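Peer 1: my_file_1.cif is reproduced below (mmCIF, C-alpha atoms and all ligand atoms; chains and numbers go by the auth columns).
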```
data_entry
#
loop_
_atom_site.group_PDB
_atom_site.id
_atom_site.type_symbol
_atom_site.label_atom_id
_atom_site.label_comp_id
_atom_site.label_asym_id
_atom_site.label_seq_id
_atom_site.Cartn_x
_atom_site.Cartn_y
_atom_site.Cartn_z
_atom_site.B_iso_or_equiv
_atom_site.auth_seq_id
_atom_site.auth_asym_id
ATOM 1 C CA MET A 1 -102.567 133.787 78.435 0.00 1 A
ATOM 2 C CA LEU A 2 -101.898 135.940 75.401 0.00 2 A
ATOM 3 C CA TYR A 3 -105.303 137.470 74.906 0.00 3 A
ATOM 4 C CA LYS A 4 -107.528 139.260 77.382 0.00 4 A
ATOM 5 C CA ASN A 5 -110.994 140.323 76.328 0.00 5 A
ATOM 6 C CA PRO A 6 -111.526 143.945 77.372 0.00 6 A
ATOM 7 C CA TYR A 7 -115.248 143.763 76.587 0.00 7 A
ATOM 8 C CA CYS A 8 -116.008 140.704 78.625 0.00 8 A
ATOM 9 C CA LYS A 9 -118.731 141.316 81.163 0.00 9 A
ATOM 10 C CA LYS A 10 -119.707 139.046 83.962 0.00 10 A
ATOM 11 C CA VAL A 11 -122.652 136.939 82.894 0.00 11 A
ATOM 12 C CA LYS A 12 -125.216 136.171 85.553 0.00 12 A
ATOM 13 C CA GLY A 13 -125.364 132.537 86.542 0.00 13 A
ATOM 14 C CA SER A 14 -122.241 131.622 84.636 0.00 14 A
ATOM 15 C CA PHE A 15 -119.210 129.672 85.758 0.00 15 A
ATOM 16 C CA LEU A 16 -115.647 129.521 84.526 0.00 16 A
ATOM 17 C CA LEU A 17 -114.410 126.807 82.260 0.00 17 A
ATOM 18 C CA ILE A 18 -110.947 126.172 80.911 0.00 18 A
ATOM 19 C CA VAL A 19 -111.056 124.882 77.360 0.00 19 A
ATOM 20 C CA SER A 20 -108.005 122.914 76.330 0.00 20 A
ATOM 21 C CA CYS A 21 -106.827 121.056 73.275 0.00 21 A
ATOM 22 C CA GLY A 22 -107.883 117.418 73.290 0.00 22 A
ATOM 23 C CA HIS A 23 -104.764 116.395 71.403 0.00 23 A
ATOM 24 C CA CYS A 24 -101.915 118.065 73.288 0.00 24 A
ATOM 25 C CA LYS A 25 -103.695 119.439 76.399 0.00 25 A
ATOM 26 C CA THR A 26 -102.676 123.044 75.792 0.00 26 A
ATOM 27 C CA ASP A 27 -105.040 125.522 77.432 0.00 27 A
ATOM 28 C CA ILE A 28 -106.861 127.498 74.765 0.00 28 A
ATOM 29 C CA ALA A 29 -109.336 129.720 76.546 0.00 29 A
ATOM 30 C CA LYS A 30 -110.949 130.705 79.791 0.00 30 A
ATOM 31 C CA TYR A 31 -114.650 130.898 79.138 0.00 31 A
ATOM 32 C CA GLN A 32 -117.825 131.913 80.937 0.00 32 A
ATOM 33 C CA LYS A 33 -120.223 129.040 80.484 0.00 33 A
ATOM 34 C CA VAL A 34 -123.923 129.529 81.089 0.00 34 A
ATOM 35 C CA GLY A 35 -126.208 126.639 81.860 0.00 35 A
ATOM 36 C CA ARG A 36 -125.631 122.956 82.201 0.00 36 A
ATOM 37 C CA GLY A 37 -124.543 120.515 79.592 0.00 37 A
ATOM 38 C CA ASN A 38 -121.621 120.152 77.292 0.00 38 A
ATOM 39 C CA LEU A 39 -119.900 123.020 75.592 0.00 39 A
ATOM 40 C CA LEU A 40 -121.298 123.134 72.060 0.00 40 A
ATOM 41 C CA ARG A 41 -120.310 126.636 71.113 0.00 41 A
ATOM 42 C CA MET A 42 -118.293 129.482 72.519 0.00 42 A
ATOM 43 C CA TYR A 43 -119.497 133.038 72.235 0.00 43 A
ATOM 44 C CA ILE A 44 -116.538 135.271 71.483 0.00 44 A
ATOM 45 C CA ASP A 45 -117.713 137.912 73.921 0.00 45 A
ATOM 46 C CA ARG A 46 -117.732 135.396 76.767 0.00 46 A
ATOM 47 C CA ILE A 47 -114.119 134.375 76.298 0.00 47 A
ATOM 48 C CA ILE A 48 -112.194 135.995 79.129 0.00 48 A
ATOM 49 C CA GLU A 49 -108.687 134.993 78.179 0.00 49 A
ATOM 50 C CA GLY A 50 -107.205 133.016 75.356 0.00 50 A
ATOM 51 C CA ALA A 51 -104.006 131.483 74.051 0.00 51 A
ATOM 52 C CA VAL A 52 -105.107 132.777 70.645 0.00 52 A
ATOM 53 C CA ASP A 53 -105.828 136.452 69.967 0.00 53 A
ATOM 54 C CA PHE A 54 -109.561 136.202 69.376 0.00 54 A
ATOM 55 C CA SER A 55 -109.855 139.874 68.392 0.00 55 A
ATOM 56 C CA LYS A 56 -107.667 139.369 65.324 0.00 56 A
ATOM 57 C CA HIS A 57 -108.293 135.742 64.658 0.00 57 A
ATOM 58 C CA LYS A 58 -110.978 135.033 62.055 0.00 58 A
ATOM 59 C CA GLY A 59 -111.834 131.591 60.862 0.00 59 A
ATOM 60 C CA ALA A 60 -111.285 128.173 62.289 0.00 60 A
ATOM 61 C CA LEU A 61 -109.904 127.846 65.788 0.00 61 A
ATOM 62 C CA LEU A 62 -106.653 125.940 65.656 0.00 62 A
ATOM 63 C CA CYS A 63 -104.560 124.834 68.574 0.00 63 A
ATOM 64 C CA PRO A 64 -101.528 127.179 68.737 0.00 64 A
ATOM 65 C CA ASN A 65 -99.352 124.264 69.815 0.00 65 A
ATOM 66 C CA CYS A 66 -100.281 121.295 67.611 0.00 66 A
ATOM 67 C CA ASN A 67 -102.405 123.000 64.929 0.00 67 A
ATOM 68 C CA GLU A 68 -105.350 120.652 65.270 0.00 68 A
ATOM 69 C CA GLN A 69 -108.704 122.234 64.516 0.00 69 A
ATOM 70 C CA LEU A 70 -110.883 122.654 67.588 0.00 70 A
ATOM 71 C CA ALA A 71 -113.763 124.739 66.283 0.00 71 A
ATOM 72 C CA THR A 72 -115.166 126.598 63.319 0.00 72 A
ATOM 73 C CA ARG A 73 -116.150 130.232 63.506 0.00 73 A
ATOM 74 C CA THR A 74 -119.512 131.481 62.393 0.00 74 A
ATOM 75 C CA THR A 75 -121.919 134.350 62.971 0.00 75 A
ATOM 76 C CA LEU A 76 -125.328 133.676 64.427 0.00 76 A
ATOM 77 C CA LYS A 77 -127.628 135.650 62.158 0.00 77 A
ATOM 78 C CA ARG A 78 -130.448 135.950 64.611 0.00 78 A
ATOM 79 C CA LYS A 79 -128.329 137.369 67.409 0.00 79 A
ATOM 80 C CA LYS A 80 -125.580 138.879 65.255 0.00 80 A
ATOM 81 C CA LYS A 81 -123.034 137.272 67.508 0.00 81 A
ATOM 82 C CA GLU A 82 -119.840 135.545 66.574 0.00 82 A
ATOM 83 C CA VAL A 83 -119.414 132.075 67.931 0.00 83 A
ATOM 84 C CA TYR A 84 -117.149 129.083 67.660 0.00 84 A
ATOM 85 C CA ILE A 85 -118.922 125.845 66.938 0.00 85 A
ATOM 86 C CA MET A 86 -116.886 123.343 68.874 0.00 86 A
ATOM 87 C CA ILE A 87 -115.804 120.099 67.246 0.00 87 A
ATOM 88 C CA ARG A 88 -116.861 117.188 69.378 0.00 88 A
ATOM 89 C CA GLY A 89 -113.991 115.192 70.782 0.00 89 A
ATOM 90 C CA ALA A 90 -111.358 117.739 69.751 0.00 90 A
ATOM 91 C CA PHE A 91 -111.206 119.582 73.055 0.00 91 A
ATOM 92 C CA ASN A 92 -111.441 119.118 76.808 0.00 92 A
ATOM 93 C CA THR A 93 -113.067 121.316 79.392 0.00 93 A
ATOM 94 C CA ARG A 94 -112.648 121.598 83.105 0.00 94 A
ATOM 95 C CA LYS A 95 -114.202 123.783 85.747 0.00 95 A
ATOM 96 C CA VAL A 96 -112.043 126.333 87.466 0.00 96 A
HETATM 97 ZN ZN ZN B . -103.057 120.971 70.604 0.00 101 B
#
```
Output the file's structure as structure tokens, nothing else.

Peer 2:
Amino acid sequence: MLYKNPYCKKVKGSFLLIVSCGHCKTDIAKYQKVGRGNLLRMYIDRIIEGAVDFSKHKGALLCPNCNEQLATRTTLKRKKKEVYIMIRGAFNTRKV
């Protein structure tokens, strides 16, 4: 993948997830997911690799292949962390 996060640390109790576009199946990111349940948001600092350069990319997450929107970017005020709020049905995930 194009982007590798140099700041990504291993998160305790996490597992790896590949997030791909729900429209064209292009792999978008390798992500450290914590806890059970569906992926609702992606913390930027837990993205290990990406098909998009997440260090430069600000704003909505678009599929680099088909340009469909997969998520919107926002900052969590309480934690001062940048996250992508995932759009339901626009993406697929699978465990690595
Ligand atoms: Zn796509």

Peer 1: Ranking A:Lys79, A:Lys33, A:Lys12, A:Lys25 by minimum distance to ligand ZN 101 (chain B) and counting all atoms listed in the file, which one comes first?

Peer 2: A:Lys25

Peer 1: Sorted by chain and rising residue number, list the residues of chain A at most 9 Å from ligand ZN 101 (chain B) (counting all atoms listed in the file), each with its closest atom pair and distance in Å to one decimal, as a tab-separated table.

Peer 2:
```
residue	atom	partner	partner_atom	distance
A:Ser20	CA	B:ZN101	ZN	7.8
A:Cys21	CA	B:ZN101	ZN	4.6
A:Gly22	CA	B:ZN101	ZN	6.6
A:His23	CA	B:ZN101	ZN	4.9
A:Cys24	CA	B:ZN101	ZN	4.1
A:Lys25	CA	B:ZN101	ZN	6.0
A:Thr26	CA	B:ZN101	ZN	5.6
A:Asp27	CA	B:ZN101	ZN	8.4
A:Ile28	CA	B:ZN101	ZN	8.6
A:Leu62	CA	B:ZN101	ZN	7.9
A:Cys63	CA	B:ZN101	ZN	4.6
A:Pro64	CA	B:ZN101	ZN	6.7
A:Asn65	CA	B:ZN101	ZN	5.0
A:Cys66	CA	B:ZN101	ZN	4.1
A:Asn67	CA	B:ZN101	ZN	6.1
A:Glu68	CA	B:ZN101	ZN	5.8
A:Gln69	CA	B:ZN101	ZN	8.4
A:Leu70	CA	B:ZN101	ZN	8.6
A:Ala90	CA	B:ZN101	ZN	8.9
A:Phe91	CA	B:ZN101	ZN	8.6
```

Peer 1: Apply the PyMOL selection byres (((chain A and resi 40) around 9) and not hetatm) to the structure shown and report the selected residues as a list in words.

Peer 2: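 The output of the PyMOL selection byres (((chain A and resi 40) around 9) and not hetatm) on this file is Gly37, Asn38, Leu39, Arg41, Met42, Tyr84, Ile85, Met86, Ile87 and Arg88 of chain A.
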
Peer 1: Once the PyMOL selection byres (((chain A and resi 11) around 10) and not hetatm) has been evaluated on this model, what residues remain selected, and can you format them as a VMD selection string?

Peer 2: chain A and resid 8 to 10 12 to 15 32 to 34 46

Peer 1: Would you export the selected residues with C-alpha atoms as a compact mmCIF listing (two decimals), keeping the file's coordinate frame, please?

Peer 2:
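Resulting contents of out.txt:
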```txt
# COMPACT_ATOMS: atom_id res chain seq x y z
CA CYS A 8 -116.01 140.70 78.62
CA LYS A 9 -118.73 141.32 81.16
CA LYS A 10 -119.71 139.05 83.96
CA LYS A 12 -125.22 136.17 85.55
CA GLY A 13 -125.36 132.54 86.54
CA SER A 14 -122.24 131.62 84.64
CA PHE A 15 -119.21 129.67 85.76
CA GLN A 32 -117.82 131.91 80.94
CA LYS A 33 -120.22 129.04 80.48
CA VAL A 34 -123.92 129.53 81.09
CA ARG A 46 -117.73 135.40 76.77
```

Peer 1: Do you have the CA of Ala71 (chain A)-CA of Asp45 (chain A) distance handy?

Peer 2: 15.7 Å

Peer 1: Neighbours of Leu17 (chain A) within 6 Å (all atoms listed in the file; same-chain residues fewer than 3 positions away dropped), as a list in words?

Peer 2: Lys30, Tyr31, Arg94, Lys95 and Val96 of chain A

Peer 1: When distances are computed from only C-alpha atoms, which of A:Lys81, A:Thr72, A:Asp53, A:Asn92 shows the smallest separation from Pro6 (chain A)?

Peer 2: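 The shortest atom-to-atom distance to Pro6 (chain A) comes from A:Asp53.
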
Peer 1: Which residues are near Asn5 (chain A)? Cut-off 9 Å, all atoms listed in the file, ignore same chain within fewer than 2 positions. Put them as a PDB file with C-alpha atoms, in the coordinates of the input.

Peer 2:
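Output saved as out-v9.pdb:
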```pdb
ATOM      1  CA  TYR A   3    -105.303 137.470  74.906  1.00  0.00           C
ATOM      2  CA  TYR A   7    -115.248 143.763  76.587  1.00  0.00           C
ATOM      3  CA  CYS A   8    -116.008 140.704  78.625  1.00  0.00           C
ATOM      4  CA  ILE A  44    -116.538 135.271  71.483  1.00  0.00           C
ATOM      5  CA  ASP A  45    -117.713 137.912  73.921  1.00  0.00           C
ATOM      6  CA  ARG A  46    -117.732 135.396  76.767  1.00  0.00           C
ATOM      7  CA  ILE A  47    -114.119 134.375  76.298  1.00  0.00           C
ATOM      8  CA  ILE A  48    -112.194 135.995  79.129  1.00  0.00           C
ATOM      9  CA  GLU A  49    -108.687 134.993  78.179  1.00  0.00           C
ATOM     10  CA  GLY A  50    -107.205 133.016  75.356  1.00  0.00           C
ATOM     11  CA  PHE A  54    -109.561 136.202  69.376  1.00  0.00           C
ATOM     12  CA  SER A  55    -109.855 139.874  68.392  1.00  0.00           C
TER      13      SER A  55
END
```

Peer 1: Hey, can I get the axis-aligned box for region 23-34 of chain A? All listed atoms, 8 Å padding on each side, centre and edge lengths in Å to one decimal, as AutoDock Vina command-line options.

Peer 2:
```
--center_x -112.9 --center_y 124.2 --center_z 76.2 --size_x 38.0 --size_y 31.5 --size_z 25.7
```

Peer 1: Which residue is closest to Glu82 (chain A)? Choose from A:Lys58, A:Ala51, A:Val19, A:Lys4 and count only C-alpha atoms.

Peer 2: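 Between A:Lys58, A:Ala51, A:Val19, A:Lys4, the residue approaching Glu82 (chain A) most closely is A:Lys58.
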
Peer 1: Rounded to one decimal, what separation in Å do you get between CA of Arg73 (chain A) and CA of Gly59 (chain A)?

Peer 2: 5.2 Å
